file run13.pdb (PDB, C-alpha atoms)
ATOM      1  CA  MET A 159      20.129 -17.091 -11.655
ATOM      2  CA  ASP A 160      17.238 -17.354  -9.210
ATOM      3  CA  SER A 161      14.608 -14.748  -8.421
ATOM      4  CA  ARG A 162      16.462 -13.302  -5.463
ATOM      5  CA  GLU A 163      19.739 -12.819  -7.338
ATOM      6  CA  ARG A 164      17.890 -11.389 -10.337
ATOM      7  CA  THR A 165      15.815  -8.906  -8.363
ATOM      8  CA  PHE A 166      18.571  -7.607  -6.106
ATOM      9  CA  LEU A 167      20.911  -7.156  -9.071
ATOM     10  CA  ALA A 168      18.233  -5.036 -10.756
ATOM     11  CA  LEU A 169      17.669  -3.022  -7.578
ATOM     12  CA  ASN A 170      21.399  -2.361  -7.427
ATOM     13  CA  PHE A 171      21.199  -1.014 -11.010
ATOM     14  CA  GLU A 172      23.130  -3.967 -12.423
ATOM     15  CA  GLU A 173      22.077  -6.126 -15.386
ATOM     16  CA  PRO A 174      20.326  -9.410 -14.483
ATOM     17  CA  ASP A 175      19.600 -12.269 -16.866
ATOM     18  CA  ARG A 176      16.119 -10.826 -17.445
ATOM     19  CA  VAL A 177      13.770  -8.226 -16.005
ATOM     20  CA  PRO A 178      12.281  -9.372 -12.654
ATOM     21  CA  THR A 179       8.551 -10.109 -12.897
ATOM     22  CA  ASP A 180       5.480  -9.693 -10.735
ATOM     23  CA  ILE A 181       1.748 -10.254 -11.223
ATOM     24  CA  TRP A 182      -1.079  -8.126  -9.864
ATOM     25  CA  ALA A 183      -4.637  -9.270 -10.495
ATOM     26  CA  SER A 184      -8.059  -8.481  -9.074
ATOM     27  CA  ARG A 185     -10.089 -11.053  -7.173
ATOM     28  CA  GLY A 186     -12.498 -11.342 -10.074
ATOM     29  CA  PHE A 187      -9.741 -11.886 -12.625
ATOM     30  CA  LYS A 188      -8.121 -14.593 -10.492
ATOM     31  CA  GLU A 189     -11.411 -16.502 -10.380
ATOM     32  CA  LYS A 190     -11.960 -16.033 -14.100
ATOM     33  CA  LEU A 191      -8.445 -17.255 -14.834
ATOM     34  CA  LYS A 192      -8.901 -20.320 -12.646
ATOM     35  CA  ARG A 193     -12.103 -21.244 -14.481
ATOM     36  CA  ALA A 194     -10.445 -20.716 -17.846
ATOM     37  CA  VAL A 195      -7.219 -22.670 -17.331
ATOM     38  CA  GLY A 196      -8.052 -24.873 -14.356
ATOM     39  CA  ILE A 197      -5.132 -23.895 -12.133
ATOM     40  CA  SER A 198      -4.748 -21.482  -9.253
ATOM     41  CA  MET A 199      -2.878 -18.184  -9.244
ATOM     42  CA  GLU A 200      -0.218 -19.739  -7.014
ATOM     43  CA  GLU A 201       0.367 -22.439  -9.639
ATOM     44  CA  ILE A 202       0.578 -19.789 -12.358
ATOM     45  CA  LEU A 203       3.192 -17.884 -10.360
ATOM     46  CA  ASP A 204       5.324 -21.027 -10.197
ATOM     47  CA  LEU A 205       4.688 -21.994 -13.817
ATOM     48  CA  TYR A 206       5.895 -18.623 -15.108
ATOM     49  CA  ASP A 207       8.710 -18.265 -12.546
ATOM     50  CA  ILE A 208       7.336 -15.007 -11.144
ATOM     51  CA  ASP A 209       9.994 -13.414  -8.930
ATOM     52  CA  LEU A 210       8.059 -11.369  -6.355
ATOM     53  CA  ARG A 211       5.743 -13.108  -3.886
ATOM     54  CA  TYR A 212       3.525 -11.560  -1.203
ATOM     55  CA  ILE A 213       2.994 -12.732   2.345
ATOM     56  CA  GLU A 214      -0.488 -12.493   3.824
ATOM     57  CA  GLY A 215       0.707 -10.563   6.847
ATOM     58  CA  PRO A 216      -0.745 -10.599  10.353
ATOM     59  CA  ALA A 217      -4.239 -11.981  10.906
ATOM     60  CA  TYR A 218      -6.868  -9.784  12.542
ATOM     61  CA  ILE A 219      -7.728 -11.031  16.055
ATOM     62  CA  GLY A 220      -9.188  -7.837  17.503
ATOM     63  CA  PRO A 221     -12.695  -6.999  18.668
ATOM     64  CA  PRO A 222     -15.488  -8.378  16.442
ATOM     65  CA  LEU A 223     -16.178  -5.968  13.587
ATOM     66  CA  PRO A 224     -19.874  -5.024  13.433
ATOM     67  CA  THR A 225     -22.011  -6.219  10.536
ATOM     68  CA  PHE A 226     -25.479  -5.012   9.537
ATOM     69  CA  GLN A 227     -28.600  -6.473   7.973
ATOM     70  CA  ASP A 228     -28.039  -4.634   4.688
ATOM     71  CA  GLY A 229     -24.750  -6.502   4.271
ATOM     72  CA  SER A 230     -22.545  -3.568   5.247
ATOM     73  CA  TRP A 231     -19.795  -3.965   7.808
ATOM     74  CA  VAL A 232     -17.244  -1.911   9.741
ATOM     75  CA  ASP A 233     -13.515  -2.127   9.022
ATOM     76  CA  ILE A 234     -10.639  -1.716  11.503
ATOM     77  CA  TRP A 235     -10.820   2.090  11.182
ATOM     78  CA  GLY A 236     -14.470   2.194  12.150
ATOM     79  CA  VAL A 237     -15.420   2.942   8.535
ATOM     80  CA  ARG A 238     -18.705   1.395   7.451
ATOM     81  CA  ARG A 239     -18.486  -0.265   4.034
ATOM     82  CA  LYS A 240     -20.780  -2.069   1.670
ATOM     83  CA  ARG A 241     -19.646  -4.609  -0.913
ATOM     84  CA  VAL A 242     -20.433  -3.665  -4.503
ATOM     85  CA  VAL A 243     -20.562  -6.428  -7.116
ATOM     86  CA  ILE A 244     -20.209  -5.570 -10.806
ATOM     87  CA  GLU A 245     -20.750  -8.012 -13.657
ATOM     88  CA  VAL A 246     -17.853  -7.913 -16.096
ATOM     89  CA  GLY A 247     -18.279 -10.166 -19.095
ATOM     90  CA  ASP A 248     -18.721 -13.696 -17.801
ATOM     91  CA  GLY A 249     -17.363 -12.837 -14.346
ATOM     92  CA  VAL A 250     -17.770 -10.342 -11.518
ATOM     93  CA  GLU A 251     -15.588  -7.790  -9.761
ATOM     94  CA  VAL A 252     -16.156  -6.659  -6.189
ATOM     95  CA  TYR A 253     -15.032  -3.709  -4.124
ATOM     96  CA  ASP A 254     -15.892  -2.344  -0.697
ATOM     97  CA  GLU A 255     -17.424   1.120  -0.908
ATOM     98  CA  VAL A 256     -17.435   3.582   1.988
ATOM     99  CA  VAL A 257     -20.982   4.171   3.209
ATOM    100  CA  ASN A 258     -20.414   7.131   5.531
ATOM    101  CA  PRO A 259     -16.993   8.522   6.533
ATOM    102  CA  PRO A 260     -17.175   8.478  10.352
ATOM    103  CA  LEU A 261     -15.239  11.727  10.800
ATOM    104  CA  ALA A 262     -17.114  13.652   8.105
ATOM    105  CA  SER A 263     -18.922  15.942  10.523
ATOM    106  CA  ILE A 264     -16.232  16.683  13.136
ATOM    107  CA  GLU A 265     -15.062  20.267  13.547
ATOM    108  CA  ARG A 266     -12.376  20.270  16.260
ATOM    109  CA  VAL A 267      -9.002  18.649  16.852
ATOM    110  CA  GLU A 268     -10.447  17.363  20.129
ATOM    111  CA  ASP A 269     -12.988  15.363  18.138
ATOM    112  CA  VAL A 270     -10.151  13.454  16.489
ATOM    113  CA  GLU A 271      -8.830  12.358  19.867
ATOM    114  CA  LEU A 272     -12.312  11.463  21.097
ATOM    115  CA  TYR A 273     -13.041   9.223  18.107
ATOM    116  CA  SER A 274     -13.522   5.667  19.386
ATOM    117  CA  GLY A 275     -12.692   3.912  16.113
ATOM    118  CA  TRP A 276      -8.910   4.194  16.097
ATOM    119  CA  PRO A 277      -7.351   0.725  15.636
ATOM    120  CA  SER A 278      -4.635  -0.809  17.777
ATOM    121  CA  PRO A 279      -1.587  -2.768  16.568
ATOM    122  CA  ASP A 280      -2.453  -5.245  19.347
ATOM    123  CA  TRP A 281      -5.439  -6.389  17.280
ATOM    124  CA  PHE A 282      -3.238  -8.562  15.037
ATOM    125  CA  ASP A 283      -1.466 -11.894  15.322
ATOM    126  CA  TYR A 284       2.128 -11.548  14.130
ATOM    127  CA  SER A 285       3.231 -15.049  15.124
ATOM    128  CA  THR A 286       3.004 -16.530  11.601
ATOM    129  CA  ILE A 287       4.964 -13.798   9.792
ATOM    130  CA  GLU A 288       8.338 -15.559   9.928
ATOM    131  CA  GLU A 289       6.876 -18.815   8.618
ATOM    132  CA  GLN A 290       5.134 -16.989   5.769
ATOM    133  CA  CYS A 291       8.437 -15.404   4.769
ATOM    134  CA  GLU A 292      10.344 -18.656   5.092
ATOM    135  CA  ARG A 293       7.899 -20.493   2.824
ATOM    136  CA  ILE A 294       8.593 -18.008   0.021
ATOM    137  CA  ARG A 295      12.333 -17.886   0.590
ATOM    138  CA  LYS A 296      12.569 -21.666   0.295
ATOM    139  CA  LYS A 297      11.381 -21.258  -3.291
ATOM    140  CA  GLY A 298      14.169 -18.773  -3.965
ATOM    141  CA  LYS A 299      11.649 -15.948  -4.341
ATOM    142  CA  VAL A 300      11.617 -12.346  -3.099
ATOM    143  CA  VAL A 301       9.427 -11.791  -0.021
ATOM    144  CA  VAL A 302       7.162  -8.729  -0.137
ATOM    145  CA  PHE A 303       4.693  -7.435   2.449
ATOM    146  CA  MET A 304       1.857  -5.325   1.095
ATOM    147  CA  GLY A 305      -1.132  -5.873   3.364
ATOM    148  CA  ASP A 306      -4.702  -6.072   2.139
ATOM    149  CA  ARG A 307      -6.362  -3.324   0.146
ATOM    150  CA  LEU A 308      -7.984  -1.759   3.218
ATOM    151  CA  ASN A 309      -4.962  -1.956   5.497
ATOM    152  CA  ARG A 310      -1.879  -1.049   3.499
ATOM    153  CA  ILE A 311       0.861   1.169   4.950
ATOM    154  CA  ALA A 312      -0.548   4.539   3.932
ATOM    155  CA  GLN A 313      -1.706   7.955   5.099
ATOM    156  CA  LEU A 314      -3.847   9.783   2.561
ATOM    157  CA  LYS A 315      -6.175   6.906   1.665
ATOM    158  CA  PRO A 316      -7.118   6.090   5.300
ATOM    159  CA  ALA A 317      -7.721   9.801   5.858
ATOM    160  CA  ILE A 318     -10.028   9.866   2.826
ATOM    161  CA  TYR A 319     -11.955   6.861   4.138
ATOM    162  CA  LEU A 320     -12.304   8.479   7.575
ATOM    163  CA  ARG A 321     -12.983  12.096   6.655
ATOM    164  CA  GLY A 322     -14.232  11.852   3.076
ATOM    165  CA  PHE A 323     -12.388  12.774  -0.101
ATOM    166  CA  GLU A 324     -13.473  16.406  -0.220
ATOM    167  CA  GLY A 325     -13.287  16.701   3.558
ATOM    168  CA  ILE A 326      -9.612  15.869   4.076
ATOM    169  CA  LEU A 327      -8.498  17.817   0.994
ATOM    170  CA  SER A 328     -10.422  20.874   2.212
ATOM    171  CA  ASP A 329      -9.013  20.452   5.715
ATOM    172  CA  MET A 330      -5.441  20.678   4.432
ATOM    173  CA  VAL A 331      -6.271  24.182   3.194
ATOM    174  CA  GLN A 332      -8.959  25.462   5.563
ATOM    175  CA  ASN A 333      -8.382  23.503   8.774
ATOM    176  CA  PRO A 334      -4.770  22.296   8.720
ATOM    177  CA  GLU A 335      -4.658  21.533  12.466
ATOM    178  CA  LEU A 336      -7.547  19.103  12.084
ATOM    179  CA  ALA A 337      -5.942  17.440   9.063
ATOM    180  CA  ALA A 338      -2.628  17.161  10.906
ATOM    181  CA  ALA A 339      -4.331  15.495  13.870
ATOM    182  CA  ILE A 340      -5.957  12.869  11.628
ATOM    183  CA  PHE A 341      -2.695  12.134   9.822
ATOM    184  CA  SER A 342      -0.872  11.910  13.142
ATOM    185  CA  ARG A 343      -3.189   9.196  14.448
ATOM    186  CA  ILE A 344      -2.935   7.236  11.189
ATOM    187  CA  ARG A 345       0.851   7.567  11.164
ATOM    188  CA  ASP A 346       1.131   6.472  14.790
ATOM    189  CA  PHE A 347      -0.837   3.281  14.139
ATOM    190  CA  TYR A 348       1.199   2.283  11.095
ATOM    191  CA  VAL A 349       4.541   3.024  12.758
ATOM    192  CA  HIS A 350       3.796   0.522  15.528
ATOM    193  CA  TYR A 351       2.044  -1.966  13.224
ATOM    194  CA  LEU A 352       5.009  -1.953  10.853
ATOM    195  CA  GLU A 353       7.532  -2.353  13.654
ATOM    196  CA  ARG A 354       5.657  -5.409  14.938
ATOM    197  CA  ILE A 355       5.631  -6.985  11.464
ATOM    198  CA  LEU A 356       9.335  -6.374  10.870
ATOM    199  CA  GLU A 357      10.269  -7.664  14.293
ATOM    200  CA  ALA A 358       8.218 -10.818  13.727
ATOM    201  CA  ALA A 359       9.795 -11.409  10.290
ATOM    202  CA  LYS A 360      13.229 -11.841  11.932
ATOM    203  CA  GLY A 361      15.161 -10.552   8.947
ATOM    204  CA  LYS A 362      13.341 -12.672   6.362
ATOM    205  CA  LEU A 363      11.260  -9.935   4.732
ATOM    206  CA  ASP A 364      12.878  -8.388   1.646
ATOM    207  CA  ILE A 365      10.593  -5.570   0.472
ATOM    208  CA  LEU A 366       7.923  -3.439   2.118
ATOM    209  CA  LEU A 367       5.288  -2.230  -0.326
ATOM    210  CA  MET A 368       3.453   0.874   0.833
ATOM    211  CA  GLY A 369       0.331   1.883  -1.070
ATOM    212  CA  ASP A 370      -1.132   5.378  -1.180
ATOM    213  CA  ASP A 371      -2.558   7.054  -4.261
ATOM    214  CA  PHE A 372      -1.052  10.529  -4.656
ATOM    215  CA  GLY A 373      -1.966  11.331  -8.263
ATOM    216  CA  THR A 374      -4.795  12.118 -10.630
ATOM    217  CA  GLN A 375      -4.514  11.619 -14.388
ATOM    218  CA  GLN A 376      -3.253  15.205 -14.742
ATOM    219  CA  GLY A 377      -1.015  15.712 -11.717
ATOM    220  CA  PRO A 378      -0.659  15.200  -7.949
ATOM    221  CA  LEU A 379      -3.791  15.255  -5.797
ATOM    222  CA  ILE A 380      -2.075  17.810  -3.573
ATOM    223  CA  SER A 381       0.819  20.199  -4.167
ATOM    224  CA  PRO A 382       4.394  19.130  -3.430
ATOM    225  CA  ARG A 383       4.500  21.640  -0.566
ATOM    226  CA  MET A 384       1.302  20.232   0.930
ATOM    227  CA  TRP A 385       2.633  16.688   0.497
ATOM    228  CA  GLU A 386       5.728  17.692   2.463
ATOM    229  CA  ASP A 387       3.722  19.386   5.198
ATOM    230  CA  PHE A 388       1.178  16.628   5.803
ATOM    231  CA  LEU A 389       2.602  13.366   4.439
ATOM    232  CA  GLY A 390       6.361  13.812   4.383
ATOM    233  CA  LYS A 391       7.024  12.858   8.000
ATOM    234  CA  GLY A 392       5.004   9.647   7.867
ATOM    235  CA  PHE A 393       6.551   8.656   4.545
ATOM    236  CA  SER A 394      10.006   9.197   6.018
ATOM    237  CA  ASP A 395       9.156   7.365   9.254
ATOM    238  CA  PHE A 396       7.875   4.259   7.447
ATOM    239  CA  ILE A 397      10.941   4.070   5.210
ATOM    240  CA  GLY A 398      13.310   4.689   8.103
ATOM    241  CA  ILE A 399      11.790   1.868  10.147
ATOM    242  CA  ALA A 400      11.925  -0.567   7.215
ATOM    243  CA  LYS A 401      15.542   0.256   6.416
ATOM    244  CA  SER A 402      16.539  -0.166  10.063
ATOM    245  CA  TYR A 403      15.550  -3.828   9.579
ATOM    246  CA  GLY A 404      17.394  -4.127   6.259
ATOM    247  CA  VAL A 405      14.153  -4.086   4.248
ATOM    248  CA  ARG A 406      13.907  -2.284   0.905
ATOM    249  CA  VAL A 407      10.921  -0.025   0.278
ATOM    250  CA  MET A 408       8.582   0.167  -2.696
ATOM    251  CA  HIS A 409       5.650   2.549  -3.000
ATOM    252  CA  HIS A 410       2.553   2.074  -5.144
ATOM    253  CA  THR A 411       0.591   5.039  -6.400
ATOM    254  CA  CYS A 412      -1.832   5.613  -9.221
ATOM    255  CA  GLY A 413      -1.806   8.734 -11.358
ATOM    256  CA  SER A 414       0.672  11.468 -12.200
ATOM    257  CA  VAL A 415       3.225  11.949  -9.401
ATOM    258  CA  ARG A 416       6.360  13.048 -11.243
ATOM    259  CA  ARG A 417       6.444  16.360  -9.357
ATOM    260  CA  ILE A 418       6.641  14.626  -5.981
ATOM    261  CA  ILE A 419       9.099  11.872  -6.933
ATOM    262  CA  PRO A 420      12.048  14.040  -5.735
ATOM    263  CA  LEU A 421      10.357  14.342  -2.321
ATOM    264  CA  MET A 422       9.913  10.574  -2.093
ATOM    265  CA  LEU A 423      13.521  10.023  -3.170
ATOM    266  CA  ASP A 424      14.775  12.461  -0.530
ATOM    267  CA  ARG A 425      13.061  10.292   2.088
ATOM    268  CA  GLY A 426      14.776   7.127   0.894
ATOM    269  CA  LEU A 427      12.313   5.515  -1.526
ATOM    270  CA  GLU A 428      14.011   2.833  -3.645
ATOM    271  CA  ILE A 429      11.235   1.474  -5.906
ATOM    272  CA  LEU A 430       8.229   3.254  -7.421
ATOM    273  CA  LEU A 431       5.339   1.079  -8.527
ATOM    274  CA  PHE A 432       3.020   2.869 -10.941
ATOM    275  CA  LYS A 433       0.472   1.465 -13.377
ATOM    276  CA  GLN A 434      -0.595   4.452 -15.466
ATOM    277  CA  LYS A 435       2.062   5.322 -18.001
ATOM    278  CA  THR A 436      -0.566   7.366 -19.877
ATOM    279  CA  ALA A 437      -0.931   9.783 -16.940
ATOM    280  CA  TYR A 438       0.628  13.210 -17.395
ATOM    281  CA  GLU A 439       4.450  13.179 -17.199
ATOM    282  CA  MET A 440       4.556   9.461 -16.365
ATOM    283  CA  ASP A 441       6.123   8.210 -19.586
ATOM    284  CA  PRO A 442       8.599   5.457 -18.638
ATOM    285  CA  GLU A 443      11.369   6.791 -20.882
ATOM    286  CA  GLY A 444      11.254  10.238 -19.300
ATOM    287  CA  LEU A 445      11.117   8.847 -15.760
ATOM    288  CA  LYS A 446      14.046   6.542 -16.441
ATOM    289  CA  SER A 447      16.075   9.375 -17.928
ATOM    290  CA  GLU A 448      15.447  11.733 -15.011
ATOM    291  CA  PHE A 449      15.429   9.374 -12.023
ATOM    292  CA  GLY A 450      16.805   6.035 -13.255
ATOM    293  CA  ARG A 451      20.164   6.330 -11.503
ATOM    294  CA  ARG A 452      18.499   6.637  -8.098
ATOM    295  CA  LEU A 453      15.123   4.929  -8.393
ATOM    296  CA  ALA A 454      13.964   1.514  -9.634
ATOM    297  CA  PHE A 455      10.594   1.298 -11.402
ATOM    298  CA  HIS A 456       7.941  -1.397 -11.178
ATOM    299  CA  GLY A 457       5.653  -0.836 -14.136
ATOM    300  CA  GLY A 458       2.589  -2.395 -15.730
ATOM    301  CA  ILE A 459       2.311  -4.320 -18.965
TER
END

call {"tool": "encode", "arguments": {"input": "run13.pdb", "output": "C-alpha cells"}}
result
Amino acid sequence: MDSRERTFLALNFEEPDRVPTDIWASRGFKEKLKRAVGISMEEILDLYDIDLRYIEGPAYIGPPLPTFQDGSWVDIWGVRRKRVVIEVGDGVEVYDEVVNPPLASIERVEDVELYSGWPSPDWFDYSTIEEQCERIRKKGKVVVFMGDRLNRIAQLKPAIYLRGFEGILSDMVQNPELAAAIFSRIRDFYVHYLERILEAAKGKLDILLMGDDFGTQQGPLISPRMWEDFLGKGFSDFIGIAKSYGVRVMHHTCGSVRRIIPLMLDRGLEILLFKQKTAYEMDPEGLKSEFGRRLAFHGGI
C-alpha cells in the first residue's frame, strides 16, 4: 500500500495498513538535525516513508519589498517585521516579529479601503505549481499546499498582523464594521490567490492546508457566535473553492477549539490539524468519540 492509498483510505474512515504520517519541524530543528545525522529533511522524509509532502507554492514576483538598515523588512501585507534569533541549546531558532501593525491607528472603514498595502494575487508566479505537484505524485506521495508561515490561507492571523492583537479583537466588539472591512479585504485576496493555485495545479493537488490559530490554552480566542459572524464566510468560501477542484481541506489551529469544531464541520472541513492535546477539551479520545465519524484528525506526537 503506498502513501496515497493509505491516506485516502484513512480519510474515508477505512482501515489502512498503518496510520499515515507527516513531519513538521522548525527551521532551526531542520538545521540541527542535518548537522547531527548528515542528511537533509527531504532524505529523512524518504527514509521514513513519510506520506504527506508539501509543495512550495507560487513564488513572489511582485514589487520589491522594502528593507531597512536595522534589518527589518516589509511583507506582502505591508507589515514591517524584524527577525528575532534565539539560541536554543547548540542551535538557533528564528521568527519574524511584527514591528508596528500598519492599521493600528485607523478609525474608519474608509481607512481600510485607502490602505496602500493590500497585496494582489498577480504578484505571484503560478507556472511551476503543476510541476511541483507532479514531482511529489511520482513518488506515490500525497500533495499538500500550505504556503509559508506568513502567507497561509487564513483570516484572523493576517488581521492580527495588520491591526494588532488587541486591536482586531476589540474591533469585533466595539467597531464591528471596521473589523468586517479588514476581514473582507483579507478574504478577497485569498479567494483569488487560492483559485489561481488550484487552477495551476490542474487536478494534481490533493489537500489544501489552511492555517489560522483560533484557540488559547483555555478556549477559543473569540466566541463561536463571533467566529460565525466574522470568519465563517471566509472559512466556507475557501473550502468551497477547494472542493470545487476536488481538493480535500485540512485546517491547522493551535489551542482549544472544541467549541467551534461544529461550525468548521458545517462548512465542510474534513481534517483538523492540532498540536496541543493538553489544551482544554482537546483530548484526542474525547474528540474522536464526539467527531470521529465526520472529521479526520492530524495530531502531534

call {"tool": "resolve_selection", "arguments": {"input": "run13.pdb", "expression": "the PyMOL selection byres ((chain A and resi 255) around 8)", "output": "PyMOL selection string"}}
result
chain A and resi 239-242+253-254+256-257

call {"tool": "resolve_selection", "arguments": {"input": "run13.pdb", "expression": "the PyMOL selection byres ((chain A and resi 348-365) around 8)", "output": "MDAnalysis selection string"}}
result
chainID A and resid 215:216 279 284:285 287:288 291:292 295 300:303 311:312 344:347 366:367 395:396 399:400 403:408

call {"tool": "write_last_selection", "arguments": {"input": "run13.pdb", "atoms": "C-alpha atoms", "output": "short mmCIF file (atom, residue, chain, number, x, y, z; two decimals), keeping the file's coordinate frame"}}
result
data_model
loop_
_atom_site.label_atom_id
_atom_site.label_comp_id
_atom_site.auth_asym_id
_atom_site.auth_seq_id
_atom_site.Cartn_x
_atom_site.Cartn_y
_atom_site.Cartn_z
CA GLY A 215 0.71 -10.56 6.85
CA PRO A 216 -0.74 -10.60 10.35
CA PRO A 279 -1.59 -2.77 16.57
CA TYR A 284 2.13 -11.55 14.13
CA SER A 285 3.23 -15.05 15.12
CA ILE A 287 4.96 -13.80 9.79
CA GLU A 288 8.34 -15.56 9.93
CA CYS A 291 8.44 -15.40 4.77
CA GLU A 292 10.34 -18.66 5.09
CA ARG A 295 12.33 -17.89 0.59
CA VAL A 300 11.62 -12.35 -3.10
CA VAL A 301 9.43 -11.79 -0.02
CA VAL A 302 7.16 -8.73 -0.14
CA PHE A 303 4.69 -7.44 2.45
CA ILE A 311 0.86 1.17 4.95
CA ALA A 312 -0.55 4.54 3.93
CA ILE A 344 -2.94 7.24 11.19
CA ARG A 345 0.85 7.57 11.16
CA ASP A 346 1.13 6.47 14.79
CA PHE A 347 -0.84 3.28 14.14
CA LEU A 366 7.92 -3.44 2.12
CA LEU A 367 5.29 -2.23 -0.33
CA ASP A 395 9.16 7.36 9.25
CA PHE A 396 7.88 4.26 7.45
CA ILE A 399 11.79 1.87 10.15
CA ALA A 400 11.92 -0.57 7.22
CA TYR A 403 15.55 -3.83 9.58
CA GLY A 404 17.39 -4.13 6.26
CA VAL A 405 14.15 -4.09 4.25
CA ARG A 406 13.91 -2.28 0.90
CA VAL A 407 10.92 -0.02 0.28
CA MET A 408 8.58 0.17 -2.70
#

call {"tool": "atom_distance", "arguments": {"input": "run13.pdb", "atom1": "atom CA of A:Tyr212", "atom2": "atom CA of A:Asp424"}}
result
26.5 Å

call {"tool": "resolve_selection", "arguments": {"input": "run13.pdb", "expression": "the PyMOL selection byres ((chain A and resi 416) around 10)", "output": "VMD selection string"}}
result
chain A and resid 373 377 to 378 413 to 415 417 to 421 437 to 441 444 to 445 448 to 449

call {"tool": "atom_distance", "arguments": {"input": "run13.pdb", "atom1": "atom CA of A:Pro222", "atom2": "atom CA of A:Gly322"}}
result
24.3 Å

call {"tool": "closest_residue", "arguments": {"input": "run13.pdb", "among": "A:Phe323, A:Glu200, A:Lys446, A:Lys296", "to": "A:Trp182", "atoms": "all atoms listed in the file"}}
result
A:Glu200

call {"tool": "closest_residue", "arguments": {"input": "run13.pdb", "among": "A:Ala338, A:Ser230, A:Glu443, A:Cys412", "to": "A:Glu386", "atoms": "all atoms listed in the file"}}
result
A:Ala338

call {"tool": "atom_distance", "arguments": {"input": "run13.pdb", "atom1": "atom CA of A:Thr286", "atom2": "atom CA of A:Trp231"}}
result
26.3 Å

call {"tool": "closest_residue", "arguments": {"input": "run13.pdb", "among": "A:Val270, A:Ala454, A:Ile264, A:Met304", "to": "A:Glu214", "atoms": "all atoms listed in the file"}}
result
A:Met304

call {"tool": "residues_around", "arguments": {"input": "run13.pdb", "residues": "A:Asp180", "least_positions_apart": "6", "cutoff": "9 Å", "atoms": "only C-alpha atoms", "output": "list of chain:residue names"}}
result
A:Leu203, A:Ile208, A:Asp209, A:Leu210, A:Arg211, A:His456

call {"tool": "closest_residue", "arguments": {"input": "run13.pdb", "among": "A:Phe393, A:Phe166, A:Tyr206, A:Tyr273", "to": "A:Gly369", "atoms": "only C-alpha atoms"}}
result
A:Phe393

call {"tool": "residues_near_point", "arguments": {"input": "run13.pdb", "point": "(3.0, 7.3, -3.0)", "cutoff": "6 Å", "atoms": "all atoms listed in the file", "output": "ChimeraX atom specification"}}
result
/A:370-372,409-411

call {"tool": "residues_around", "arguments": {"input": "run13.pdb", "residues": "A:Thr165", "least_positions_apart": "5", "cutoff": "10 Å", "atoms": "only C-alpha atoms", "output": "list in words"}}
result
Met159, Asp160, Asn170, Phe171, Glu172, Glu173, Pro174, Asp175, Arg176, Val177, Pro178, Thr179, Asp209, Leu210, Lys299 and Val300 of chain A

call {"tool": "write_last_selection", "arguments": {"input": "run13.pdb", "atoms": "C-alpha atoms", "output": "PDB file, in the frame of the given file"}}
result
ATOM      1  CA  MET A 159      20.129 -17.091 -11.655  1.00  0.00           C
ATOM      2  CA  ASP A 160      17.238 -17.354  -9.210  1.00  0.00           C
ATOM      3  CA  ASN A 170      21.399  -2.361  -7.427  1.00  0.00           C
ATOM      4  CA  PHE A 171      21.199  -1.014 -11.010  1.00  0.00           C
ATOM      5  CA  GLU A 172      23.130  -3.967 -12.423  1.00  0.00           C
ATOM      6  CA  GLU A 173      22.077  -6.126 -15.386  1.00  0.00           C
ATOM      7  CA  PRO A 174      20.326  -9.410 -14.483  1.00  0.00           C
ATOM      8  CA  ASP A 175      19.600 -12.269 -16.866  1.00  0.00           C
ATOM      9  CA  ARG A 176      16.119 -10.826 -17.445  1.00  0.00           C
ATOM     10  CA  VAL A 177      13.770  -8.226 -16.005  1.00  0.00           C
ATOM     11  CA  PRO A 178      12.281  -9.372 -12.654  1.00  0.00           C
ATOM     12  CA  THR A 179       8.551 -10.109 -12.897  1.00  0.00           C
ATOM     13  CA  ASP A 209       9.994 -13.414  -8.930  1.00  0.00           C
ATOM     14  CA  LEU A 210       8.059 -11.369  -6.355  1.00  0.00           C
ATOM     15  CA  LYS A 299      11.649 -15.948  -4.341  1.00  0.00           C
ATOM     16  CA  VAL A 300      11.617 -12.346  -3.099  1.00  0.00           C
TER      17      VAL A 300
END

call {"tool": "closest_residue", "arguments": {"input": "run13.pdb", "among": "A:Arg164, A:Gly458, A:Ser447, A:Lys190", "to": "A:Val250", "atoms": "all atoms listed in the file"}}
result
A:Lys190

call {"tool": "closest_residue", "arguments": {"input": "run13.pdb", "among": "A:Phe226, A:Phe282, A:Trp235, A:Phe187", "to": "A:Ile318", "atoms": "all atoms listed in the file"}}
result
A:Trp235

call {"tool": "residues_around", "arguments": {"input": "run13.pdb", "residues": "A:Met384", "least_positions_apart": "6", "cutoff": "9 Å", "atoms": "only C-alpha atoms", "output": "PyMOL selection string"}}
result
chain A and resi 330-331+390

call {"tool": "axis_aligned_box", "arguments": {"input": "run13.pdb", "around": "stretch 244-248 of chain A", "padding_each_side": "8 Å", "output": "lines of an AutoDock Vina configuration file"}}
result
center_x = -19.3
center_y = -9.6
center_z = -15.0
size_x = 18.9
size_y = 24.1
size_z = 24.3
